[in-house]
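Structure file start34.csv (CSV, C-alpha atoms and all ligand atoms) is printed below.
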```
chain,number,residue,atom,x,y,z
A,1,MET,CA,-21.1,-26.5,120.7
A,2,THR,CA,-20.4,-29.7,118.8
A,3,PRO,CA,-18.6,-29.9,115.5
A,4,LEU,CA,-20.5,-31.0,112.4
A,5,TYR,CA,-17.7,-33.6,111.9
A,6,GLU,CA,-14.7,-34.7,113.9
A,7,GLY,CA,-12.0,-36.4,111.8
A,8,LYS,CA,-8.6,-37.7,112.6
A,9,ALA,CA,-6.8,-34.4,112.2
A,10,LYS,CA,-9.5,-31.7,111.9
A,11,ARG,CA,-12.9,-30.7,113.0
A,12,MET,CA,-15.5,-29.0,110.8
A,13,TRP,CA,-17.8,-26.4,112.3
A,14,ALA,CA,-20.8,-24.6,111.0
A,15,THR,CA,-20.6,-20.8,110.6
A,16,GLU,CA,-23.2,-18.1,110.3
A,17,ASN,CA,-22.9,-18.4,106.6
A,18,PRO,CA,-24.7,-21.5,105.3
A,19,ASP,CA,-22.2,-21.8,102.4
A,20,THR,CA,-19.0,-21.9,104.5
A,21,LEU,CA,-17.5,-24.0,107.3
A,22,ARG,CA,-14.8,-23.4,109.9
A,23,MET,CA,-12.1,-26.0,109.5
A,24,GLU,CA,-10.1,-26.5,112.7
A,25,PHE,CA,-6.7,-28.1,112.6
A,26,LYS,CA,-6.1,-30.4,115.6
A,27,ASN,CA,-2.8,-31.4,117.1
A,28,ASP,CA,-3.7,-35.1,116.6
A,29,ALA,CA,-1.7,-37.3,114.2
A,30,THR,CA,-2.7,-40.7,113.0
A,31,ALA,CA,-1.1,-43.2,110.6
A,32,PHE,CA,-1.9,-46.5,109.1
A,33,ASN,CA,-5.6,-45.8,108.9
A,34,GLY,CA,-5.8,-44.6,112.5
A,35,GLU,CA,-4.0,-47.5,114.0
A,36,LYS,CA,-1.1,-45.4,115.2
A,37,LYS,CA,-2.0,-42.2,117.2
A,38,ALA,CA,-0.2,-39.3,118.8
A,39,SER,CA,-0.6,-35.7,119.5
A,40,PHE,CA,2.0,-33.0,118.8
A,41,GLU,CA,2.1,-29.6,120.3
A,42,ASN,CA,1.7,-26.9,117.6
A,43,LYS,CA,0.8,-29.4,114.8
A,44,GLY,CA,-2.5,-27.7,114.2
A,45,ARG,CA,-0.9,-24.3,114.0
A,46,LEU,CA,1.9,-25.5,111.7
A,47,ASN,CA,-0.4,-27.3,109.2
A,48,ASN,CA,-2.9,-24.5,109.2
A,49,ALA,CA,-0.1,-22.0,108.4
A,50,ILE,CA,1.5,-24.2,105.7
A,51,SER,CA,-1.9,-25.1,104.1
A,52,THR,CA,-3.1,-21.5,104.2
A,53,LEU,CA,0.1,-20.2,102.4
A,54,ILE,CA,-0.1,-23.0,99.8
A,55,TYR,CA,-3.8,-22.5,99.1
A,56,GLY,CA,-3.2,-18.8,98.7
A,57,MET,CA,-0.5,-19.5,96.1
A,58,LEU,CA,-2.6,-22.0,94.2
A,59,GLU,CA,-5.5,-19.6,94.0
A,60,LYS,CA,-3.1,-17.0,92.6
A,61,GLU,CA,-2.0,-19.5,90.0
A,62,GLY,CA,-5.7,-20.0,89.0
A,63,VAL,CA,-6.6,-23.2,90.8
A,64,PRO,CA,-10.1,-22.9,92.2
A,65,THR,CA,-10.1,-24.0,95.9
A,66,HIS,CA,-12.4,-24.0,98.9
A,67,PHE,CA,-10.2,-21.5,100.8
A,68,VAL,CA,-11.9,-18.3,102.0
A,69,ARG,CA,-9.7,-16.9,104.8
A,70,GLN,CA,-7.6,-17.7,107.8
A,71,ILE,CA,-9.5,-17.1,111.0
A,72,ASP,CA,-6.8,-17.6,113.6
A,73,GLU,CA,-3.8,-19.9,114.2
A,74,THR,CA,-5.7,-23.1,114.0
A,75,ASN,CA,-8.9,-22.2,112.0
A,76,VAL,CA,-9.7,-21.3,108.5
A,77,GLU,CA,-13.0,-20.5,106.8
A,78,VAL,CA,-13.7,-22.7,103.7
A,79,LYS,CA,-16.5,-23.0,101.2
A,80,LYS,CA,-18.7,-25.9,102.2
A,81,VAL,CA,-18.4,-28.7,99.6
A,82,ASP,CA,-19.7,-32.3,99.1
A,83,ILE,CA,-16.4,-34.1,99.2
A,84,LEU,CA,-15.9,-36.6,96.3
A,85,MET,CA,-15.2,-40.0,97.8
A,86,VAL,CA,-12.1,-40.3,95.6
A,87,GLU,CA,-8.6,-39.3,96.9
A,88,VAL,CA,-6.3,-38.2,94.2
A,89,ILE,CA,-2.6,-39.2,94.7
A,90,VAL,CA,0.2,-37.8,92.6
A,91,ARG,CA,3.6,-39.5,92.7
A,92,ASN,CA,6.8,-38.0,91.3
A,93,TYR,CA,9.2,-40.5,93.0
A,94,SER,CA,8.6,-44.0,94.3
A,95,ALA,CA,7.8,-44.2,98.0
A,96,GLY,CA,5.2,-45.5,100.5
A,97,SER,CA,2.5,-47.8,99.3
A,98,PHE,CA,3.9,-47.6,95.7
A,99,CYS,CA,7.1,-49.4,96.9
A,100,LYS,CA,5.1,-51.8,99.0
A,101,ARG,CA,2.9,-52.8,96.0
A,102,THR,CA,5.7,-53.0,93.4
A,103,GLY,CA,8.8,-53.9,95.4
A,104,MET,CA,10.6,-51.0,93.8
A,105,GLU,CA,13.2,-49.2,96.0
A,106,GLU,CA,12.3,-45.8,97.5
A,107,GLY,CA,13.3,-42.6,95.7
A,108,ARG,CA,13.3,-43.6,92.0
A,109,LYS,CA,12.2,-40.7,89.8
A,110,PHE,CA,9.3,-41.5,87.5
A,111,SER,CA,9.6,-40.5,83.8
A,112,GLN,CA,6.2,-38.9,84.2
A,113,PRO,CA,4.0,-38.3,87.3
A,114,ILE,CA,1.8,-41.1,88.3
A,115,VAL,CA,-1.8,-40.2,89.1
A,116,GLU,CA,-3.8,-42.7,91.1
A,117,PHE,CA,-7.1,-42.9,93.0
A,118,SER,CA,-8.2,-44.4,96.2
A,119,TYR,CA,-11.7,-44.9,97.6
A,120,LYS,CA,-12.1,-42.6,100.6
A,121,SER,CA,-13.4,-45.2,103.1
A,122,ASP,CA,-11.8,-45.6,106.5
A,123,GLU,CA,-13.6,-49.0,106.9
A,124,LEU,CA,-12.0,-50.3,103.8
A,125,GLY,CA,-8.6,-48.6,104.4
A,126,ASP,CA,-8.8,-46.3,101.4
A,127,PRO,CA,-8.2,-49.0,98.7
A,128,LEU,CA,-6.7,-48.2,95.4
A,129,ILE,CA,-9.3,-48.0,92.6
A,130,ASN,CA,-9.2,-46.9,88.9
A,131,ASP,CA,-11.4,-44.9,86.6
A,132,ASP,CA,-13.6,-47.9,85.7
A,133,TYR,CA,-14.3,-48.6,89.4
A,134,ILE,CA,-15.1,-45.0,90.0
A,135,ARG,CA,-17.5,-44.9,87.1
A,136,GLU,CA,-19.3,-48.1,88.2
A,137,MET,CA,-19.4,-47.1,91.9
A,138,GLY,CA,-20.9,-43.8,90.8
A,139,LEU,CA,-18.3,-41.8,92.7
A,140,ALA,CA,-17.7,-39.4,89.8
A,141,SER,CA,-18.4,-39.2,86.1
A,142,PRO,CA,-15.7,-39.8,83.4
A,143,GLU,CA,-15.8,-36.0,82.7
A,144,ASP,CA,-15.3,-35.2,86.4
A,145,MET,CA,-12.4,-37.7,86.5
A,146,ALA,CA,-10.8,-36.0,83.5
A,147,HIS,CA,-11.1,-32.7,85.4
A,148,LEU,CA,-9.6,-34.1,88.6
A,149,ARG,CA,-6.6,-35.6,86.7
A,150,LYS,CA,-5.9,-32.4,84.9
A,151,SER,CA,-6.3,-30.3,88.1
A,152,ALA,CA,-4.0,-32.7,90.1
A,153,LEU,CA,-1.3,-32.5,87.4
A,154,LYS,CA,-1.5,-28.7,87.4
A,155,VAL,CA,-1.2,-28.6,91.2
A,156,ASN,CA,1.7,-31.0,90.9
A,157,ALA,CA,3.5,-28.7,88.5
A,158,ILE,CA,3.0,-25.7,90.7
A,159,LEU,CA,4.0,-27.4,93.9
A,160,THR,CA,7.0,-29.2,92.4
A,161,ASP,CA,8.4,-26.0,91.2
A,162,PHE,CA,7.5,-24.1,94.4
A,163,PHE,CA,9.0,-26.7,96.8
A,164,ALA,CA,12.1,-27.0,94.7
A,165,ARG,CA,12.6,-23.3,95.4
A,166,CYS,CA,12.2,-24.2,99.1
A,167,GLY,CA,15.0,-26.8,98.7
A,168,LEU,CA,12.5,-29.6,99.0
A,169,LYS,CA,11.7,-32.5,96.6
A,170,LEU,CA,8.0,-33.2,96.3
A,171,ILE,CA,7.9,-37.0,96.3
A,172,ASP,CA,4.1,-37.5,96.4
A,173,PHE,CA,0.9,-36.0,97.8
A,174,LYS,CA,-2.8,-36.6,98.2
A,175,LEU,CA,-5.6,-34.2,97.2
A,176,GLU,CA,-9.3,-34.1,97.9
A,177,PHE,CA,-11.9,-32.3,95.7
A,178,GLY,CA,-15.5,-31.4,96.4
A,179,ARG,CA,-18.6,-29.9,94.7
A,180,LEU,CA,-19.6,-26.5,96.1
A,181,ALA,CA,-22.7,-26.7,98.3
A,182,SER,CA,-23.8,-23.4,96.8
A,183,ASN,CA,-23.2,-24.7,93.2
A,184,PRO,CA,-22.7,-28.4,92.8
A,185,GLU,CA,-21.6,-28.0,89.2
A,186,VAL,CA,-18.4,-26.5,90.4
A,187,ILE,CA,-15.7,-28.8,91.7
A,188,VAL,CA,-12.9,-27.2,93.8
A,189,LEU,CA,-9.8,-28.4,95.6
A,190,ALA,CA,-10.6,-29.0,99.3
A,191,ASP,CA,-9.2,-30.3,102.5
A,192,GLU,CA,-5.5,-29.4,103.3
A,193,ILE,CA,-2.1,-29.4,101.8
A,194,SER,CA,0.5,-29.9,104.5
A,195,PRO,CA,3.3,-32.3,105.4
A,196,ASP,CA,0.6,-34.7,106.7
A,197,GLY,CA,-0.5,-35.4,103.1
A,198,CYS,CA,2.7,-34.8,101.2
A,199,ARG,CA,6.1,-36.4,101.2
A,200,LEU,CA,8.8,-33.8,101.1
A,201,TRP,CA,12.5,-34.6,101.1
A,202,ASP,CA,15.4,-32.1,101.7
A,203,LEU,CA,17.0,-31.6,98.3
A,204,LYS,CA,20.5,-31.6,99.6
A,205,THR,CA,20.4,-34.2,102.4
A,206,GLY,CA,17.5,-36.4,101.4
A,207,GLU,CA,16.1,-36.0,104.9
A,208,LYS,CA,12.3,-36.7,105.2
A,209,MET,CA,10.5,-33.5,106.2
A,210,ASP,CA,6.9,-34.9,106.5
A,211,LYS,CA,4.6,-37.3,108.3
A,212,ASP,CA,6.9,-40.2,107.5
A,213,ARG,CA,8.9,-39.0,110.5
A,214,PHE,CA,5.9,-40.0,112.6
A,215,ARG,CA,5.0,-43.1,110.6
A,216,ARG,CA,8.5,-44.4,110.9
A,217,ASP,CA,9.4,-43.1,114.4
A,218,LEU,CA,12.2,-40.9,113.0
A,219,GLY,CA,11.8,-38.3,115.7
A,220,ASN,CA,11.8,-34.4,115.4
A,221,VAL,CA,8.4,-34.5,113.7
A,222,MET,CA,7.4,-30.9,114.5
A,223,GLU,CA,10.9,-29.6,114.0
A,224,ALA,CA,10.6,-30.8,110.4
A,225,TYR,CA,7.1,-29.2,109.9
A,226,GLU,CA,8.5,-26.0,111.4
A,227,GLU,CA,11.4,-26.1,109.0
A,228,VAL,CA,8.9,-26.6,106.1
A,229,LEU,CA,6.8,-23.6,107.2
A,230,GLY,CA,10.0,-21.4,107.5
A,231,ARG,CA,11.0,-22.3,103.9
A,232,VAL,CA,7.5,-21.8,102.5
A,233,LYS,CA,7.3,-18.4,104.1
A,234,GLU,CA,10.7,-17.4,102.9
A,235,ASN,CA,9.9,-18.4,99.3
A,236,LEU,CA,6.6,-16.7,99.2
A,237,ALA,CA,7.9,-13.4,100.5
A,301,LIG,P1,-10.6,-37.7,108.1
A,301,LIG,O1,-12.0,-37.6,107.8
A,301,LIG,O2,-9.8,-38.5,107.1
A,301,LIG,O3,-10.3,-38.2,109.5
A,301,LIG,P2,-9.8,-34.9,108.7
A,301,LIG,O4,-9.6,-35.1,110.2
A,301,LIG,O5,-8.8,-34.2,107.9
A,301,LIG,O6,-10.0,-36.3,107.9
A,301,LIG,O7,-11.3,-34.3,108.6
A,301,LIG,C1,-11.6,-33.3,107.7
A,301,LIG,C2,-12.8,-33.8,106.9
A,301,LIG,O8,-13.5,-32.7,106.3
A,301,LIG,C3,-12.4,-34.8,105.8
A,301,LIG,O9,-13.3,-35.9,105.8
A,301,LIG,C4,-12.5,-33.9,104.6
A,301,LIG,O10,-12.8,-34.7,103.4
A,301,LIG,C5,-13.6,-32.9,104.9
A,301,LIG,N1,-13.5,-31.6,104.2
A,301,LIG,C6,-12.4,-31.0,103.8
A,301,LIG,N2,-12.7,-29.8,103.3
A,301,LIG,C7,-14.0,-29.7,103.3
A,301,LIG,C8,-15.0,-28.7,102.9
A,301,LIG,N3,-14.6,-27.5,102.3
A,301,LIG,N4,-16.3,-28.9,103.0
A,301,LIG,C9,-16.7,-30.1,103.6
A,301,LIG,N5,-15.9,-31.0,104.0
A,301,LIG,C10,-14.6,-30.9,103.9
A,302,LIG,P1,1.0,-43.8,100.2
A,302,LIG,O1,2.3,-44.0,99.6
A,302,LIG,O2,0.9,-44.3,101.6
A,302,LIG,O3,-0.1,-44.3,99.3
A,302,LIG,O4,0.7,-42.2,100.3
A,302,LIG,C1,0.8,-41.3,99.2
A,302,LIG,C2,0.7,-39.9,99.6
A,302,LIG,O5,-0.6,-39.7,100.1
A,302,LIG,C3,1.6,-39.5,100.8
A,302,LIG,O6,2.2,-38.2,100.5
A,302,LIG,C4,0.7,-39.5,102.0
A,302,LIG,C5,-0.6,-39.2,101.5
A,302,LIG,N1,-1.7,-39.9,102.2
A,302,LIG,C6,-2.7,-39.1,102.8
A,302,LIG,O7,-2.6,-37.9,102.8
A,302,LIG,N2,-3.6,-39.8,103.5
A,302,LIG,C7,-3.7,-41.2,103.5
A,302,LIG,O8,-4.6,-41.7,104.1
A,302,LIG,C8,-2.7,-41.9,102.8
A,302,LIG,C9,-2.7,-43.4,102.8
A,302,LIG,C10,-1.7,-41.2,102.2
A,303,LIG,N1,-4.1,-40.5,107.1
A,303,LIG,C1,-4.1,-41.9,107.3
A,303,LIG,C2,-4.3,-42.2,108.8
A,303,LIG,O1,-4.5,-41.2,109.5
A,303,LIG,C3,-2.9,-42.7,106.8
A,303,LIG,C4,-1.6,-42.0,106.8
A,303,LIG,O2,-1.5,-40.8,106.6
A,303,LIG,O3,-0.6,-42.7,107.0
A,303,LIG,O4,-4.3,-43.2,109.3
```
What would the structure in this file look like if it were written as structure tokens?
Ligand code: ADP
Ligand code: TMP
Ligand code: ASP
Amino acid sequence: MTPLYEGKAKRMWATENPDTLRMEFKNDATAFNGEKKASFENKGRLNNAISTLIYGMLEKEGVPTHFVRQIDETNVEVKKVDILMVEVIVRNYSAGSFCKRTGMEEGRKFSQPIVEFSYKSDELGDPLINDDYIREMGLASPEDMAHLRKSALKVNAILTDFFARCGLKLIDFKLEFGRLASNPEVIVLADEISPDGCRLWDLKTGEKMDKDRFRRDLGNVMEAYEEVLGRVKENLA
């Protein structure tokens, strides 16, 4: 069997149901647009477990997502979507490319969350774009963009509050959305939510508990993911 798609961190497989896919979390990690590569034992399991719990919580809070069910430790069944080629990033504190672009020091709290968009293109390195680019590139309509912004801010409010209960500061994160293959009028949250695509800092110590540990060679990458999973489980119970 061959996957329908093999990405940097996941594989997508067909299922017997034409409207769903099996999403397999791999142990591979990449950074800087795939320039830096590694593999971590248990990464697939940890991200699947964290993402599954978070998607369950978001669904309960009324956020429509692609999530159907967890199949096993490294696989979930998801509704098949046509992914919008726009990545939605929400920032609560300065970090990462925001600091690079502006020269601002890391860790400054914003007065309001920043929502930004990037063009999902590995070749171009996911460049920053804005609503006008998105309209002219035909990536999404202004109405769709209003919906993405509103959904991203709702997800931010839910996750900020939830991670605070876990003793974690939600610095920033990336979301992907897609149109249901079974009903293209409906846009749902897709892909994953895990320490690969979020920055999470320990509230007390400020320690980084996310993929920056890999990006910056800080060590104990999976120990941090394991700790995040433990806290997520504890606070959902
Ligand atoms: P990348 O493509 O960036 O290397 P991944 O390794 O995470 O990323 O691969 C997963 C791919 O599947 C991504 O391109 C993502 O946009 C896409 N995807 C996520 N959820 C769904 C879904 N429900 N239906 C179809 N595609 C999806
Ligand atoms: P950035 O500061 O590098 O732009 O990243 C912002 C957030 O988005 C951070 O939590 C990591 C996440 N992210 C991804 O999930 N995928 C990506 O390709 C990039 C660049 C960032
Ligand atoms: N996800 C991107 C990559 O795999 C960038 C990153 O997360 O740092 O290269």
* Asked: Using all atoms listed in the file, which residue out of A:Cys166, A:Ala49, A:Val81, A:Leu200 lies closest to Val232 of chain A?
  ->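 With all atoms listed in the file as the atom set, the closest residue is A:Cys166.
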* To do: Select the residues contacting ligand LIG 303 (chain A) at a distance of at most 12 Å, based on only C-alpha atoms and all ligand atoms, then format the selection as a PyMOL selection string.
  => chain A and resi 7-10+28-38+87+96-97+118+120-127+173-175+192+194-199+210-216
* Within 10 Å of segment 132-142 of chain A, counting all atoms listed in the file, which residues show up once you throw out same-chain ones fewer than 3 positions away? Write them as a ChimeraX atom specification, please. => /A:84-86,117-119,128-129,145-148
* To do: Select, from A:Met209, A:Val188, A:Leu159, A:Ala95, the residue with the minimum atom-to-atom distance to ligand LIG 301 (chain A), counting all atoms listed in the file.
  =>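 Selected residue with least distance to ligand LIG 301 (chain A): A:Val188.
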* Asked: So how far away is atom CA of Glu73 of chain A from atom CA of Met222 of chain A, in Å?
  ->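 Atom CA of Met222 of chain A sits 15.7 Å away from atom CA of Glu73 of chain A.
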* **Contacts of Gln70 of chain A within 10 Å, only C-alpha atoms, excl. fewer than 3 positions in-chain, as a PyMOL selection string** => chain A and resi 22-23+48-49+52-53+67+73-78
Write out as an mmCIF file with C-alpha atoms, in the coordinates of the input the residues lying within 10 Å of Gly178 of chain A, counting only C-alpha atoms and excluding same-chain residues fewer than 5 positions away.
```cif
data_model
loop_
_atom_site.group_PDB
_atom_site.id
_atom_site.type_symbol
_atom_site.label_atom_id
_atom_site.label_comp_id
_atom_site.auth_asym_id
_atom_site.auth_seq_id
_atom_site.Cartn_x
_atom_site.Cartn_y
_atom_site.Cartn_z
ATOM 1 C CA THR A 65 -10.100 -24.000 95.900
ATOM 2 C CA HIS A 66 -12.400 -24.000 98.900
ATOM 3 C CA LYS A 79 -16.500 -23.000 101.200
ATOM 4 C CA LYS A 80 -18.700 -25.900 102.200
ATOM 5 C CA VAL A 81 -18.400 -28.700 99.600
ATOM 6 C CA ASP A 82 -19.700 -32.300 99.100
ATOM 7 C CA ILE A 83 -16.400 -34.100 99.200
ATOM 8 C CA LEU A 84 -15.900 -36.600 96.300
ATOM 9 C CA MET A 85 -15.200 -40.000 97.800
ATOM 10 C CA VAL A 86 -12.100 -40.300 95.600
ATOM 11 C CA PRO A 184 -22.700 -28.400 92.800
ATOM 12 C CA VAL A 186 -18.400 -26.500 90.400
ATOM 13 C CA ILE A 187 -15.700 -28.800 91.700
ATOM 14 C CA VAL A 188 -12.900 -27.200 93.800
ATOM 15 C CA LEU A 189 -9.800 -28.400 95.600
ATOM 16 C CA ALA A 190 -10.600 -29.000 99.300
ATOM 17 C CA ASP A 191 -9.200 -30.300 102.500
#
```
* Structure fact -> ligand LIG 302 (chain A) proximity check over A:Thr102, A:Thr20, A:Asn235, A:Asn220, using all atoms listed in the file: winner is A:Thr102
* Can you work out which one of A:Glu234, A:Leu229, A:Val221, A:Pro18 has the shortest atom-to-atom distance to Ser51 of chain A, counting only C-alpha atoms? =>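 Under the stated criterion, the closest residue is A:Leu229.
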* Mind giving me the straight-line distance from atom CA of Val90 of chain A to atom CA of Asp172 of chain A in Å, one decimal? =>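 Atom CA of Asp172 of chain A lies at a distance of 5.5 Å from atom CA of Val90 of chain A.
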* Would you work out the distance separating atom C2 of ligand LIG 301 (chain A) from atom CA of Ile71 of chain A, expressed in Å to one decimal? => 17.5 Å
Contacts of Arg165 of chain A within 12 Å, all atoms listed in the file, excl. fewer than 4 positions in-chain, as an mmCIF file with C-alpha atoms, in the coordinates of the input:
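What ended up in part-v5.cif:
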```cif
data_model
loop_
_atom_site.group_PDB
_atom_site.id
_atom_site.type_symbol
_atom_site.label_atom_id
_atom_site.label_comp_id
_atom_site.auth_asym_id
_atom_site.auth_seq_id
_atom_site.Cartn_x
_atom_site.Cartn_y
_atom_site.Cartn_z
ATOM 1 C CA ILE A 158 3.000 -25.700 90.700
ATOM 2 C CA LEU A 159 4.000 -27.400 93.900
ATOM 3 C CA THR A 160 7.000 -29.200 92.400
ATOM 4 C CA ASP A 161 8.400 -26.000 91.200
ATOM 5 C CA LYS A 169 11.700 -32.500 96.600
ATOM 6 C CA LEU A 170 8.000 -33.200 96.300
ATOM 7 C CA ASP A 202 15.400 -32.100 101.700
ATOM 8 C CA LEU A 203 17.000 -31.600 98.300
ATOM 9 C CA VAL A 228 8.900 -26.600 106.100
ATOM 10 C CA ARG A 231 11.000 -22.300 103.900
ATOM 11 C CA VAL A 232 7.500 -21.800 102.500
ATOM 12 C CA LYS A 233 7.300 -18.400 104.100
ATOM 13 C CA GLU A 234 10.700 -17.400 102.900
ATOM 14 C CA ASN A 235 9.900 -18.400 99.300
ATOM 15 C CA LEU A 236 6.600 -16.700 99.200
#
```
May I ask you to restore N, CA and C atoms in segment 119-145 of chain A and write the result as a JSON list (two decimals), in the coordinates of the input?
```
[["chain", "number", "residue", "atom", "x", "y", "z"],
["A", 119, "TYR", "N", -10.35, -45.04, 97.09],
["A", 119, "TYR", "CA", -11.70, -44.90, 97.60],
["A", 119, "TYR", "C", -11.63, -44.39, 99.01],
["A", 120, "LYS", "N", -12.19, -43.19, 99.26],
["A", 120, "LYS", "CA", -12.10, -42.60, 100.60],
["A", 120, "LYS", "C", -13.06, -43.31, 101.53],
["A", 121, "SER", "N", -12.55, -44.36, 102.17],
["A", 121, "SER", "CA", -13.40, -45.20, 103.10],
["A", 121, "SER", "C", -12.46, -45.70, 104.19],
["A", 122, "ASP", "N", -12.64, -45.14, 105.40],
["A", 122, "ASP", "CA", -11.80, -45.60, 106.50],
["A", 122, "ASP", "C", -12.03, -47.09, 106.79],
["A", 123, "GLU", "N", -13.30, -47.55, 106.67],
["A", 123, "GLU", "CA", -13.60, -49.00, 106.90],
["A", 123, "GLU", "C", -12.77, -49.89, 106.04],
["A", 124, "LEU", "N", -12.65, -49.48, 104.76],
["A", 124, "LEU", "CA", -12.00, -50.30, 103.80],
["A", 124, "LEU", "C", -10.47, -50.01, 103.70],
["A", 125, "GLY", "N", -10.01, -48.99, 104.45],
["A", 125, "GLY", "CA", -8.60, -48.60, 104.40],
["A", 125, "GLY", "C", -8.19, -47.92, 103.13],
["A", 126, "ASP", "N", -9.09, -47.08, 102.58],
["A", 126, "ASP", "CA", -8.80, -46.30, 101.40],
["A", 126, "ASP", "C", -8.14, -47.11, 100.26],
["A", 127, "PRO", "N", -8.85, -48.13, 99.76],
["A", 127, "PRO", "CA", -8.20, -49.00, 98.70],
["A", 127, "PRO", "C", -8.00, -48.27, 97.40],
["A", 128, "LEU", "N", -6.97, -48.73, 96.71],
["A", 128, "LEU", "CA", -6.70, -48.20, 95.40],
["A", 128, "LEU", "C", -7.78, -48.64, 94.41],
["A", 129, "ILE", "N", -8.25, -47.67, 93.61],
["A", 129, "ILE", "CA", -9.30, -48.00, 92.60],
["A", 129, "ILE", "C", -8.88, -47.29, 91.29],
["A", 130, "ASN", "N", -9.58, -47.61, 90.22],
["A", 130, "ASN", "CA", -9.20, -46.90, 88.90],
["A", 130, "ASN", "C", -10.49, -46.28, 88.35],
["A", 131, "ASP", "N", -10.31, -45.67, 87.18],
["A", 131, "ASP", "CA", -11.40, -44.90, 86.60],
["A", 131, "ASP", "C", -12.66, -45.79, 86.35],
["A", 132, "ASP", "N", -12.45, -47.05, 85.99],
["A", 132, "ASP", "CA", -13.60, -47.90, 85.70],
["A", 132, "ASP", "C", -14.37, -48.20, 87.04],
["A", 133, "TYR", "N", -13.63, -48.44, 88.13],
["A", 133, "TYR", "CA", -14.30, -48.60, 89.40],
["A", 133, "TYR", "C", -15.10, -47.37, 89.78],
["A", 134, "ILE", "N", -14.47, -46.23, 89.58],
["A", 134, "ILE", "CA", -15.10, -45.00, 90.00],
["A", 134, "ILE", "C", -16.38, -44.71, 89.21],
["A", 135, "ARG", "N", -16.34, -45.03, 87.92],
["A", 135, "ARG", "CA", -17.50, -44.90, 87.10],
["A", 135, "ARG", "C", -18.64, -45.84, 87.59],
["A", 136, "GLU", "N", -18.28, -47.11, 87.80],
["A", 136, "GLU", "CA", -19.30, -48.10, 88.20],
["A", 136, "GLU", "C", -19.78, -47.92, 89.61],
["A", 137, "MET", "N", -18.93, -47.36, 90.47],
["A", 137, "MET", "CA", -19.40, -47.10, 91.90],
["A", 137, "MET", "C", -20.16, -45.80, 91.94],
["A", 138, "GLY", "N", -20.18, -45.07, 90.83],
["A", 138, "GLY", "CA", -20.90, -43.80, 90.80],
["A", 138, "GLY", "C", -20.29, -42.72, 91.65],
["A", 139, "LEU", "N", -18.96, -42.80, 91.83],
["A", 139, "LEU", "CA", -18.30, -41.80, 92.70],
["A", 139, "LEU", "C", -18.05, -40.50, 91.93],
["A", 140, "ALA", "N", -17.86, -40.60, 90.62],
["A", 140, "ALA", "CA", -17.70, -39.40, 89.80],
["A", 140, "ALA", "C", -17.83, -39.83, 88.32],
["A", 141, "SER", "N", -18.20, -38.88, 87.49],
["A", 141, "SER", "CA", -18.40, -39.20, 86.10],
["A", 141, "SER", "C", -17.03, -39.19, 85.36],
["A", 142, "PRO", "N", -16.94, -39.81, 84.19],
["A", 142, "PRO", "CA", -15.70, -39.80, 83.40],
["A", 142, "PRO", "C", -15.24, -38.31, 83.16],
["A", 143, "GLU", "N", -16.19, -37.40, 82.95],
["A", 143, "GLU", "CA", -15.80, -36.00, 82.70],
["A", 143, "GLU", "C", -15.23, -35.39, 83.98],
["A", 144, "ASP", "N", -15.85, -35.69, 85.12],
["A", 144, "ASP", "CA", -15.30, -35.20, 86.40],
["A", 144, "ASP", "C", -13.88, -35.76, 86.62],
["A", 145, "MET", "N", -13.69, -37.04, 86.27],
["A", 145, "MET", "CA", -12.40, -37.70, 86.50],
["A", 145, "MET", "C", -11.32, -37.01, 85.62]]
```
